[in-house]
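Trainee: Please find one structure pasted underneath; my questions will follow.
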2 protein chains.
Amino acid sequence: MDTYLHHDHKEEHLKSSDLLTDVVIGMSDGLTVPFALAAGLSGAVDSTSIIVIAGIAEVAAGSIAMGLGGYLAGKTEQDHYNSELKREYYEVDNLRNREIEETKEFFKNIGLSEELQAKATEEIAKDKKQWVEFMMKYELGLDKPDPRRATKSALNIGISYIIGGLVPLSPYFFVASPKEGLGISVVLTLLCLFVFGWFKSKITGVQPWWGATRVMLIGAAAAGAAFGVAKLFGG
Amino acid sequence: MDTYLHHDHKEEHLKSSDLLTDVVIGMSDGLTVPFALAAGLSGAVDSTSIIVIAGIAEVAAGSIAMGLGGYLAGKTEQDHYNSELKREYYEVDNLRNREIEETKEFFKNIGLSEELQAKATEEIAKDKKQWVEFMMKYELGLDKPDPRRATKSALNIGISYIIGGLVPLSPYFFVASPKEGLGISVVLTLLCLFVFGWFKSKITGVQPWWGATRVMLIGAAAAGAAFGVAKLFGG
(Lines give C-alpha, C1' and ligand atoms only; values in the text may rest on other atoms or scores of the structure.)
Protein backbone atom coordinates (compact mmCIF):
# COMPACT_ATOMS: atom_id res chain seq x y z
CA MET A 1 0.00 0.00 0.00
CA ASP A 2 2.77 2.36 0.93
CA THR A 3 4.64 1.63 -2.26
CA TYR A 4 1.51 2.16 -4.24
CA LEU A 5 0.87 5.55 -2.64
CA HIS A 6 4.43 6.56 -3.12
CA HIS A 7 4.45 5.76 -6.81
CA ASP A 8 1.11 7.45 -7.22
CA HIS A 9 2.77 10.60 -5.99
CA LYS A 10 5.50 10.73 -8.53
CA GLU A 11 2.94 10.27 -11.27
CA GLU A 12 1.47 13.67 -10.48
CA HIS A 13 3.86 14.97 -13.09
CA LEU A 14 2.67 12.64 -15.83
CA LYS A 15 0.82 13.96 -18.85
CA SER A 16 -2.59 12.55 -17.99
CA SER A 17 -2.87 14.76 -14.91
CA ASP A 18 -1.79 17.92 -16.73
CA LEU A 19 -5.33 17.95 -18.10
CA LEU A 20 -6.77 17.55 -14.60
CA THR A 21 -4.59 20.39 -13.30
CA ASP A 22 -5.82 22.66 -16.10
CA VAL A 23 -9.46 21.73 -15.44
CA VAL A 24 -9.00 22.42 -11.72
CA ILE A 25 -7.42 25.84 -12.41
CA GLY A 26 -10.09 26.89 -14.90
CA MET A 27 -13.15 25.48 -13.16
CA SER A 28 -12.14 26.70 -9.72
CA ASP A 29 -12.22 30.35 -10.82
CA GLY A 30 -15.03 29.76 -13.33
CA LEU A 31 -17.38 28.49 -10.64
CA THR A 32 -16.39 31.16 -8.11
CA VAL A 33 -16.07 34.55 -9.82
CA PRO A 34 -19.17 34.59 -12.11
CA PHE A 35 -21.14 33.14 -9.17
CA ALA A 36 -20.02 35.96 -6.89
CA LEU A 37 -20.58 38.61 -9.56
CA ALA A 38 -24.15 37.39 -10.20
CA ALA A 39 -24.82 37.20 -6.46
CA GLY A 40 -23.49 40.74 -6.02
CA LEU A 41 -25.63 42.13 -8.82
CA SER A 42 -28.70 40.31 -7.45
CA GLY A 43 -28.56 42.61 -4.44
CA ALA A 44 -28.25 45.77 -6.54
CA VAL A 45 -30.27 45.48 -9.78
CA ASP A 46 -33.87 44.52 -10.58
CA SER A 47 -33.44 42.79 -13.93
CA THR A 48 -32.14 39.27 -14.51
CA SER A 49 -31.12 40.22 -18.05
CA ILE A 50 -28.44 42.61 -16.74
CA ILE A 51 -27.10 39.81 -14.54
CA VAL A 52 -27.04 37.39 -17.48
CA ILE A 53 -25.27 39.94 -19.71
CA ALA A 54 -22.74 40.88 -17.04
CA GLY A 55 -22.17 37.21 -16.20
CA ILE A 56 -21.62 36.19 -19.80
CA ALA A 57 -19.30 39.17 -20.37
CA GLU A 58 -17.33 38.09 -17.30
CA VAL A 59 -17.12 34.49 -18.50
CA ALA A 60 -15.87 35.67 -21.91
CA ALA A 61 -13.32 38.00 -20.31
CA GLY A 62 -12.19 35.54 -17.65
CA SER A 63 -11.82 32.56 -19.97
CA ILE A 64 -9.73 34.56 -22.44
CA ALA A 65 -7.63 36.18 -19.72
CA MET A 66 -6.96 32.81 -18.06
CA GLY A 67 -6.62 30.81 -21.28
CA LEU A 68 -4.29 33.26 -23.03
CA GLY A 69 -2.53 33.85 -19.72
CA GLY A 70 -1.85 30.12 -19.48
CA TYR A 71 -0.68 30.05 -23.09
CA LEU A 72 1.79 32.89 -22.55
CA ALA A 73 3.04 31.39 -19.29
CA GLY A 74 3.76 28.16 -21.20
CA LYS A 75 5.52 30.00 -24.02
CA THR A 76 7.58 32.05 -21.55
CA GLU A 77 8.63 28.84 -19.79
CA GLN A 78 9.80 27.38 -23.11
CA ASP A 79 11.70 30.54 -24.12
CA HIS A 80 13.31 30.65 -20.70
CA TYR A 81 14.34 26.98 -20.92
CA ASN A 82 15.82 27.37 -24.39
CA SER A 83 17.79 30.50 -23.52
CA GLU A 84 19.17 28.84 -20.37
CA LEU A 85 20.07 25.72 -22.37
CA LYS A 86 22.06 27.82 -24.85
CA ARG A 87 23.81 29.59 -21.98
CA GLU A 88 24.74 26.31 -20.28
CA TYR A 89 26.25 24.94 -23.52
CA TYR A 90 28.18 28.20 -23.87
CA GLU A 91 29.44 28.00 -20.29
CA VAL A 92 30.43 24.35 -20.53
CA ASP A 93 32.52 25.25 -23.60
CA ASN A 94 33.94 28.58 -22.46
CA LEU A 95 33.84 28.73 -18.67
CA ARG A 96 34.64 25.09 -17.99
CA ASN A 97 36.44 25.70 -14.69
CA ARG A 98 33.57 27.63 -13.19
CA GLU A 99 31.08 24.96 -14.28
CA ILE A 100 33.28 22.30 -12.72
CA GLU A 101 33.26 24.28 -9.45
CA GLU A 102 29.47 24.58 -9.63
CA THR A 103 29.06 20.85 -10.21
CA LYS A 104 31.37 20.06 -7.27
CA GLU A 105 29.35 22.53 -5.19
CA PHE A 106 26.19 20.55 -5.93
CA PHE A 107 27.77 17.32 -4.70
CA LYS A 108 29.17 19.14 -1.68
CA ASN A 109 25.71 20.46 -0.79
CA ILE A 110 24.10 17.03 -0.88
CA GLY A 111 26.79 15.78 1.52
CA LEU A 112 29.48 13.97 -0.47
CA SER A 113 33.12 13.91 0.64
CA GLU A 114 35.69 15.97 -1.26
CA GLU A 115 37.03 12.85 -2.91
CA LEU A 116 33.63 11.86 -4.30
CA GLN A 117 32.80 15.47 -5.26
CA ALA A 118 35.80 15.46 -7.57
CA LYS A 119 35.23 11.94 -8.95
CA ALA A 120 31.51 12.41 -9.60
CA THR A 121 32.14 15.76 -11.30
CA GLU A 122 34.77 14.21 -13.50
CA GLU A 123 32.41 11.41 -14.60
CA ILE A 124 29.52 13.75 -15.33
CA ALA A 125 31.68 16.23 -17.25
CA LYS A 126 32.88 13.51 -19.63
CA ASP A 127 29.69 13.69 -21.70
CA LYS A 128 28.80 17.28 -22.60
CA LYS A 129 25.10 16.66 -23.29
CA GLN A 130 24.67 14.72 -20.04
CA TRP A 131 26.50 17.44 -18.11
CA VAL A 132 24.33 20.24 -19.52
CA GLU A 133 21.16 18.25 -18.78
CA PHE A 134 22.37 17.75 -15.22
CA MET A 135 23.08 21.47 -14.76
CA MET A 136 19.71 22.46 -16.24
CA LYS A 137 17.82 20.16 -13.95
CA TYR A 138 19.76 20.33 -10.67
CA GLU A 139 21.61 23.64 -10.72
CA LEU A 140 18.78 25.68 -12.27
CA GLY A 141 15.83 23.44 -11.37
CA LEU A 142 14.43 23.53 -14.91
CA ASP A 143 12.56 20.62 -16.52
CA LYS A 144 12.26 20.42 -20.29
CA PRO A 145 8.77 21.77 -21.11
CA ASP A 146 6.48 19.96 -23.55
CA PRO A 147 6.28 22.23 -26.64
CA ARG A 148 2.60 21.46 -27.31
CA ARG A 149 1.64 22.01 -23.70
CA ALA A 150 1.05 25.80 -23.96
CA THR A 151 -1.70 25.53 -26.59
CA LYS A 152 -3.44 22.57 -24.98
CA SER A 153 -3.26 24.19 -21.56
CA ALA A 154 -4.82 27.42 -22.87
CA LEU A 155 -7.77 25.54 -24.37
CA ASN A 156 -8.31 23.31 -21.32
CA ILE A 157 -8.25 26.22 -18.87
CA GLY A 158 -10.45 28.45 -21.05
CA ILE A 159 -13.09 25.79 -21.70
CA SER A 160 -13.16 24.72 -18.03
CA TYR A 161 -13.71 28.34 -17.04
CA ILE A 162 -16.66 28.62 -19.44
CA ILE A 163 -18.26 25.37 -18.22
CA GLY A 164 -17.74 26.38 -14.58
CA GLY A 165 -19.08 29.88 -15.20
CA LEU A 166 -22.29 28.71 -16.87
CA VAL A 167 -23.34 26.77 -13.73
CA PRO A 168 -24.01 29.78 -11.45
CA LEU A 169 -25.49 31.84 -14.30
CA SER A 170 -27.92 29.21 -15.60
CA PRO A 171 -30.72 29.81 -13.02
CA TYR A 172 -30.98 33.48 -14.05
CA PHE A 173 -31.97 32.40 -17.57
CA PHE A 174 -35.17 30.79 -16.29
CA VAL A 175 -36.52 32.95 -13.45
CA ALA A 176 -38.34 36.29 -13.31
CA SER A 177 -36.48 38.08 -10.51
CA PRO A 178 -32.81 38.30 -9.46
CA LYS A 179 -33.73 37.16 -5.91
CA GLU A 180 -35.24 33.89 -7.21
CA GLY A 181 -32.22 33.33 -9.44
CA LEU A 182 -29.88 34.01 -6.53
CA GLY A 183 -31.55 31.39 -4.34
CA ILE A 184 -31.19 28.62 -6.93
CA SER A 185 -27.72 29.79 -7.98
CA VAL A 186 -26.41 29.69 -4.40
CA VAL A 187 -27.65 26.14 -3.77
CA LEU A 188 -26.55 24.84 -7.18
CA THR A 189 -23.11 26.48 -7.14
CA LEU A 190 -22.20 25.65 -3.55
CA LEU A 191 -23.13 22.05 -4.29
CA CYS A 192 -20.96 22.04 -7.42
CA LEU A 193 -18.10 23.74 -5.54
CA PHE A 194 -18.31 21.04 -2.88
CA VAL A 195 -18.25 18.19 -5.41
CA PHE A 196 -15.49 19.94 -7.36
CA GLY A 197 -13.52 20.59 -4.15
CA TRP A 198 -13.85 16.90 -3.30
CA PHE A 199 -12.21 15.78 -6.55
CA LYS A 200 -9.61 18.55 -6.37
CA SER A 201 -8.67 17.36 -2.86
CA LYS A 202 -8.38 13.76 -4.08
CA ILE A 203 -5.92 14.91 -6.76
CA THR A 204 -3.82 17.16 -4.51
CA GLY A 205 -3.83 14.74 -1.57
CA VAL A 206 -5.79 16.94 0.86
CA GLN A 207 -8.33 15.37 3.25
CA PRO A 208 -11.46 15.43 1.00
CA TRP A 209 -14.16 16.61 3.46
CA TRP A 210 -12.04 19.47 4.70
CA GLY A 211 -10.77 20.33 1.20
CA ALA A 212 -14.30 20.35 -0.26
CA THR A 213 -15.56 22.54 2.59
CA ARG A 214 -12.72 25.02 2.09
CA VAL A 215 -13.39 25.37 -1.64
CA MET A 216 -17.09 25.90 -0.93
CA LEU A 217 -16.35 28.50 1.76
CA ILE A 218 -14.12 30.52 -0.58
CA GLY A 219 -16.98 30.66 -3.09
CA ALA A 220 -19.41 31.70 -0.36
CA ALA A 221 -16.99 34.37 0.95
CA ALA A 222 -16.45 35.81 -2.52
CA ALA A 223 -20.20 35.88 -3.19
CA GLY A 224 -20.92 37.44 0.19
CA ALA A 225 -18.33 40.17 -0.32
CA ALA A 226 -19.57 40.92 -3.82
CA PHE A 227 -23.14 41.09 -2.55
CA GLY A 228 -22.07 43.45 0.25
CA VAL A 229 -20.13 45.92 -1.86
CA ALA A 230 -22.73 45.91 -4.65
CA LYS A 231 -25.43 46.65 -2.06
CA LEU A 232 -23.26 49.43 -0.63
CA PHE A 233 -22.64 51.11 -3.99
CA GLY A 234 -25.96 50.26 -5.64
CA GLY A 235 -28.23 51.07 -2.73
CA MET B 1 28.62 40.28 -17.40
CA ASP B 2 27.80 36.67 -17.99
CA THR B 3 28.42 35.78 -14.38
CA TYR B 4 26.23 38.64 -13.28
CA LEU B 5 23.34 37.49 -15.46
CA HIS B 6 23.74 33.95 -14.31
CA HIS B 7 23.60 34.83 -10.64
CA ASP B 8 20.71 37.14 -11.27
CA HIS B 9 18.85 34.12 -12.53
CA LYS B 10 19.19 32.00 -9.44
CA GLU B 11 17.99 34.92 -7.35
CA GLU B 12 14.58 34.70 -8.94
CA HIS B 13 13.71 32.40 -6.08
CA LEU B 14 14.71 34.80 -3.33
CA LYS B 15 12.14 36.27 -0.99
CA SER B 16 12.24 39.82 -2.33
CA SER B 17 10.86 38.69 -5.65
CA ASP B 18 8.06 36.58 -4.14
CA LEU B 19 6.31 39.91 -3.57
CA LEU B 20 6.85 40.86 -7.21
CA THR B 21 5.49 37.51 -8.37
CA ASP B 22 2.36 38.00 -6.26
CA VAL B 23 1.87 41.54 -7.56
CA VAL B 24 2.27 40.33 -11.14
CA ILE B 25 -0.29 37.54 -10.61
CA GLY B 26 -2.84 39.80 -8.93
CA MET B 27 -2.44 42.87 -11.08
CA SER B 28 -2.37 40.97 -14.34
CA ASP B 29 -5.90 39.61 -13.81
CA GLY B 30 -7.04 42.71 -11.92
CA LEU B 31 -6.27 44.98 -14.85
CA THR B 32 -7.69 42.58 -17.44
CA VAL B 33 -10.96 41.06 -16.18
CA PRO B 34 -12.74 44.12 -14.64
CA PHE B 35 -11.59 46.09 -17.71
CA ALA B 36 -13.15 43.55 -20.06
CA LEU B 37 -16.31 43.28 -17.97
CA ALA B 38 -16.80 47.07 -17.96
CA ALA B 39 -16.10 47.21 -21.71
CA GLY B 40 -18.60 44.44 -22.33
CA LEU B 41 -21.30 46.13 -20.28
CA SER B 42 -20.62 49.46 -22.03
CA GLY B 43 -21.93 47.91 -25.22
CA ALA B 44 -25.09 46.57 -23.57
CA VAL B 45 -26.36 48.95 -20.86
CA ASP B 46 -27.11 52.68 -20.74
CA SER B 47 -26.14 53.51 -17.17
CA THR B 48 -22.62 53.97 -15.83
CA SER B 49 -23.82 53.13 -12.32
CA ILE B 50 -24.58 49.51 -13.31
CA ILE B 51 -21.10 49.24 -14.77
CA VAL B 52 -19.56 50.64 -11.59
CA ILE B 53 -21.60 48.27 -9.39
CA ALA B 54 -20.83 45.23 -11.54
CA GLY B 55 -17.17 46.21 -11.72
CA ILE B 56 -16.82 46.66 -7.98
CA ALA B 57 -18.66 43.39 -7.33
CA GLU B 58 -16.25 41.67 -9.72
CA VAL B 59 -13.20 43.22 -8.03
CA ALA B 60 -14.49 42.06 -4.62
CA ALA B 61 -15.20 38.56 -5.94
CA GLY B 62 -11.98 38.27 -7.92
CA SER B 63 -9.69 39.57 -5.19
CA ILE B 64 -11.16 37.17 -2.63
CA ALA B 65 -11.16 34.20 -5.02
CA MET B 66 -7.54 34.86 -6.01
CA GLY B 67 -6.32 35.86 -2.56
CA LEU B 68 -7.93 32.96 -0.69
CA GLY B 69 -7.04 30.69 -3.60
CA GLY B 70 -3.40 31.70 -3.16
CA TYR B 71 -3.65 31.16 0.59
CA LEU B 72 -5.06 27.65 0.19
CA ALA B 73 -2.52 26.76 -2.49
CA GLY B 74 0.22 27.79 -0.04
CA LYS B 75 -1.33 25.79 2.81
CA THR B 76 -1.78 22.74 0.57
CA GLU B 77 1.87 22.97 -0.46
CA GLN B 78 2.91 23.01 3.19
CA ASP B 79 0.66 20.09 4.15
CA HIS B 80 1.94 18.15 1.16
CA TYR B 81 5.56 18.87 2.10
CA ASN B 82 5.06 17.85 5.72
CA SER B 83 3.27 14.60 4.88
CA GLU B 84 5.96 13.66 2.36
CA LEU B 85 8.67 14.49 4.91
CA LYS B 86 7.06 12.17 7.44
CA ARG B 87 6.80 9.44 4.82
CA GLU B 88 10.46 9.80 3.82
CA TYR B 89 11.58 9.47 7.46
CA TYR B 90 9.38 6.39 7.77
CA GLU B 91 10.83 4.89 4.61
CA VAL B 92 14.43 5.61 5.55
CA ASP B 93 13.82 3.78 8.84
CA ASN B 94 11.66 0.91 7.59
CA LEU B 95 12.31 0.43 3.89
CA ARG B 96 16.01 1.18 3.91
CA ASN B 97 16.90 -1.14 1.01
CA ARG B 98 14.36 0.38 -1.30
CA GLU B 99 15.51 3.90 -0.42
CA ILE B 100 19.10 2.88 -1.11
CA GLU B 101 18.05 1.57 -4.52
CA GLU B 102 16.22 4.85 -5.22
CA THR B 103 19.25 6.90 -4.23
CA LYS B 104 21.51 4.79 -6.46
CA GLU B 105 18.97 5.22 -9.25
CA PHE B 106 19.31 9.00 -8.95
CA PHE B 107 23.09 8.83 -9.35
CA LYS B 108 22.69 6.38 -12.22
CA ASN B 109 20.33 8.77 -14.02
CA ILE B 110 22.71 11.71 -13.79
CA GLY B 111 25.43 9.54 -15.35
CA LEU B 112 27.68 8.18 -12.60
CA SER B 113 29.42 4.81 -12.87
CA GLU B 114 28.20 1.87 -10.77
CA GLU B 115 31.15 2.27 -8.45
CA LEU B 116 30.39 5.93 -7.70
CA GLN B 117 26.62 5.23 -7.46
CA ALA B 118 27.33 2.88 -4.56
CA LYS B 119 29.92 5.12 -2.86
CA ALA B 120 27.88 8.30 -3.12
CA THR B 121 24.77 6.53 -1.80
CA GLU B 122 26.75 5.17 1.11
CA GLU B 123 28.04 8.64 2.06
CA ILE B 124 24.64 10.30 1.81
CA ALA B 125 22.89 7.57 3.79
CA LYS B 126 25.27 8.01 6.73
CA ASP B 127 23.37 11.08 7.98
CA LYS B 128 19.61 10.45 8.17
CA LYS B 129 18.53 14.11 8.12
CA GLN B 130 20.80 14.86 5.16
CA TRP B 131 19.53 11.77 3.32
CA VAL B 132 15.87 12.67 3.82
CA GLU B 133 16.53 16.26 2.69
CA PHE B 134 18.23 14.91 -0.42
CA MET B 135 15.30 12.59 -1.20
CA MET B 136 12.76 15.37 -0.65
CA LYS B 137 14.54 17.73 -2.99
CA TYR B 138 15.88 15.47 -5.73
CA GLU B 139 13.66 12.39 -5.71
CA LEU B 140 10.38 14.24 -5.11
CA GLY B 141 11.39 17.71 -6.34
CA LEU B 142 9.98 19.42 -3.22
CA ASP B 143 11.47 22.58 -1.69
CA LYS B 144 10.73 23.45 1.92
CA PRO B 145 7.95 26.08 1.81
CA ASP B 146 8.09 29.24 3.95
CA PRO B 147 5.30 28.86 6.57
CA ARG B 148 4.39 32.56 6.55
CA ARG B 149 4.30 32.67 2.77
CA ALA B 150 0.64 31.58 2.38
CA THR B 151 -0.82 34.49 4.36
CA LYS B 152 1.48 37.12 2.85
CA SER B 153 0.86 35.79 -0.63
CA ALA B 154 -2.93 35.95 -0.17
CA LEU B 155 -2.77 39.60 0.91
CA ASN B 156 -0.34 40.63 -1.83
CA ILE B 157 -2.37 38.99 -4.59
CA GLY B 158 -5.71 40.27 -3.29
CA ILE B 159 -4.55 43.87 -2.85
CA SER B 160 -2.83 43.88 -6.26
CA TYR B 161 -6.05 42.65 -7.85
CA ILE B 162 -8.01 45.50 -6.21
CA ILE B 163 -5.48 48.16 -7.29
CA GLY B 164 -5.37 46.75 -10.82
CA GLY B 165 -9.17 46.53 -10.99
CA LEU B 166 -9.79 50.12 -9.93
CA VAL B 167 -7.79 51.46 -12.91
CA PRO B 168 -10.23 50.43 -15.69
CA LEU B 169 -13.30 51.26 -13.53
CA SER B 170 -12.19 54.76 -12.45
CA PRO B 171 -13.29 56.60 -15.64
CA TYR B 172 -16.88 55.38 -15.22
CA PHE B 173 -17.11 57.22 -11.88
CA PHE B 174 -16.67 60.59 -13.60
CA VAL B 175 -18.50 60.46 -16.94
CA ALA B 176 -22.16 60.63 -17.95
CA SER B 177 -22.41 57.79 -20.49
CA PRO B 178 -20.89 54.28 -20.72
CA LYS B 179 -19.49 55.10 -24.18
CA GLU B 180 -17.47 58.03 -22.82
CA GLY B 181 -16.26 55.91 -19.92
CA LEU B 182 -15.29 53.11 -22.31
CA GLY B 183 -13.15 55.45 -24.44
CA ILE B 184 -11.11 56.69 -21.48
CA SER B 185 -10.99 53.25 -19.85
CA VAL B 186 -9.60 51.62 -23.02
CA VAL B 187 -6.81 54.19 -23.42
CA LEU B 188 -5.95 54.25 -19.71
CA THR B 189 -6.02 50.47 -19.20
CA LEU B 190 -4.15 49.51 -22.37
CA LEU B 191 -1.47 52.03 -21.37
CA CYS B 192 -1.28 50.53 -17.86
CA LEU B 193 -1.23 46.98 -19.28
CA PHE B 194 1.67 47.98 -21.52
CA VAL B 195 3.68 49.53 -18.67
CA PHE B 196 2.80 46.58 -16.43
CA GLY B 197 3.72 44.10 -19.20
CA TRP B 198 7.05 45.88 -19.57
CA PHE B 199 8.00 45.38 -15.92
CA LYS B 200 6.62 41.84 -15.92
CA SER B 201 8.83 41.03 -18.93
CA LYS B 202 11.87 42.51 -17.21
CA ILE B 203 11.27 40.19 -14.23
CA THR B 204 10.61 37.04 -16.25
CA GLY B 205 13.39 37.69 -18.76
CA VAL B 206 11.17 38.14 -21.83
CA GLN B 207 12.08 40.75 -24.49
CA PRO B 208 10.25 43.81 -22.99
CA TRP B 209 8.66 45.35 -26.12
CA TRP B 210 7.26 42.04 -27.23
CA GLY B 211 6.22 41.03 -23.70
CA ALA B 212 4.46 44.35 -23.07
CA THR B 213 2.64 44.13 -26.40
CA ARG B 214 1.47 40.59 -25.64
CA VAL B 215 0.05 41.56 -22.23
CA MET B 216 -1.75 44.52 -23.81
CA LEU B 217 -3.16 42.35 -26.60
CA ILE B 218 -4.58 39.81 -24.13
CA GLY B 219 -6.40 42.63 -22.36
CA ALA B 220 -7.71 43.95 -25.67
CA ALA B 221 -8.83 40.47 -26.77
CA ALA B 222 -10.67 39.84 -23.48
CA ALA B 223 -12.36 43.25 -23.67
CA GLY B 224 -13.29 42.73 -27.32
CA ALA B 225 -14.79 39.30 -26.63
CA ALA B 226 -16.74 40.58 -23.61
CA PHE B 227 -18.03 43.51 -25.66
CA GLY B 228 -19.06 41.13 -28.46
CA VAL B 229 -20.97 38.61 -26.34
CA ALA B 230 -22.61 41.32 -24.21
CA LYS B 231 -23.76 43.04 -27.41
CA LEU B 232 -25.07 39.70 -28.71
CA PHE B 233 -27.04 38.87 -25.57
CA GLY B 234 -27.97 42.41 -24.60
CA GLY B 235 -28.96 43.70 -28.03
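Lettering and numbering for the C-alpha coordinates are positional, with chains as A, B, ... in the shown order, residues counted from 1 in each chain, and ligands counted from 1 in the shown order.
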Tell me which protein, DNA and RNA residues are within 9 Å of Gly74 (chain A), counting only C-alpha atoms, leaving out same-chain ones fewer than 6 positions away, and put them as a list in words.
Mentor: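 Using only C-alpha atoms, the neighbours found are Pro145, Asp146, Pro147, Arg149, Ala150, Thr151, Ser153 and Ala154 of chain A.
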Trainee: Going by DSSP on the backbone, which bits of region 14-230 of chain B are alpha helix (DSSP H)? Write them as a ChimeraX atom specification, please.
Mentor: /B:16-42,48-94,96-109,114-125,128-134,149-174,178-204,208-230
Trainee: Hey, list the chain B side of the contact with chain A: 7 Å cut-off, only C-alpha atoms, answer as a ChimeraX atom specification.
Mentor: /B:10,32-33,36-37,40-41,53-54,56-58,60-62,64-65,68,110-112,116,120,123-124,134,140,218,222-223,225-227,229-230,233-234
Trainee: For CA of Trp209 (chain A) and CA of Val195 (chain A), determine how far apart the two atoms are, in Å to one decimal place.
Mentor: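 That distance, rounded to one decimal, is 9.9 Å.
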Trainee: With only C-alpha atoms as the atoms that count, which of B:Tyr71, B:Tyr161, B:Tyr81, B:Tyr90 lies nearest to Val24 (chain B)?
Mentor: B:Tyr161
Trainee: What is the CA of Asp22 (chain A) to CA of Phe199 (chain A) distance in Å?
Mentor: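 Interatomic distance, CA of Asp22 (chain A) to CA of Phe199 (chain A): 13.4 Å.
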Trainee: For the atom pair CA of Gln78 (chain A) and CA of Ile25 (chain A), what is the interatomic distance in Å to one decimal place?
Mentor: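 We find that CA of Gln78 (chain A) and CA of Ile25 (chain A) lie 20.3 Å from each other.
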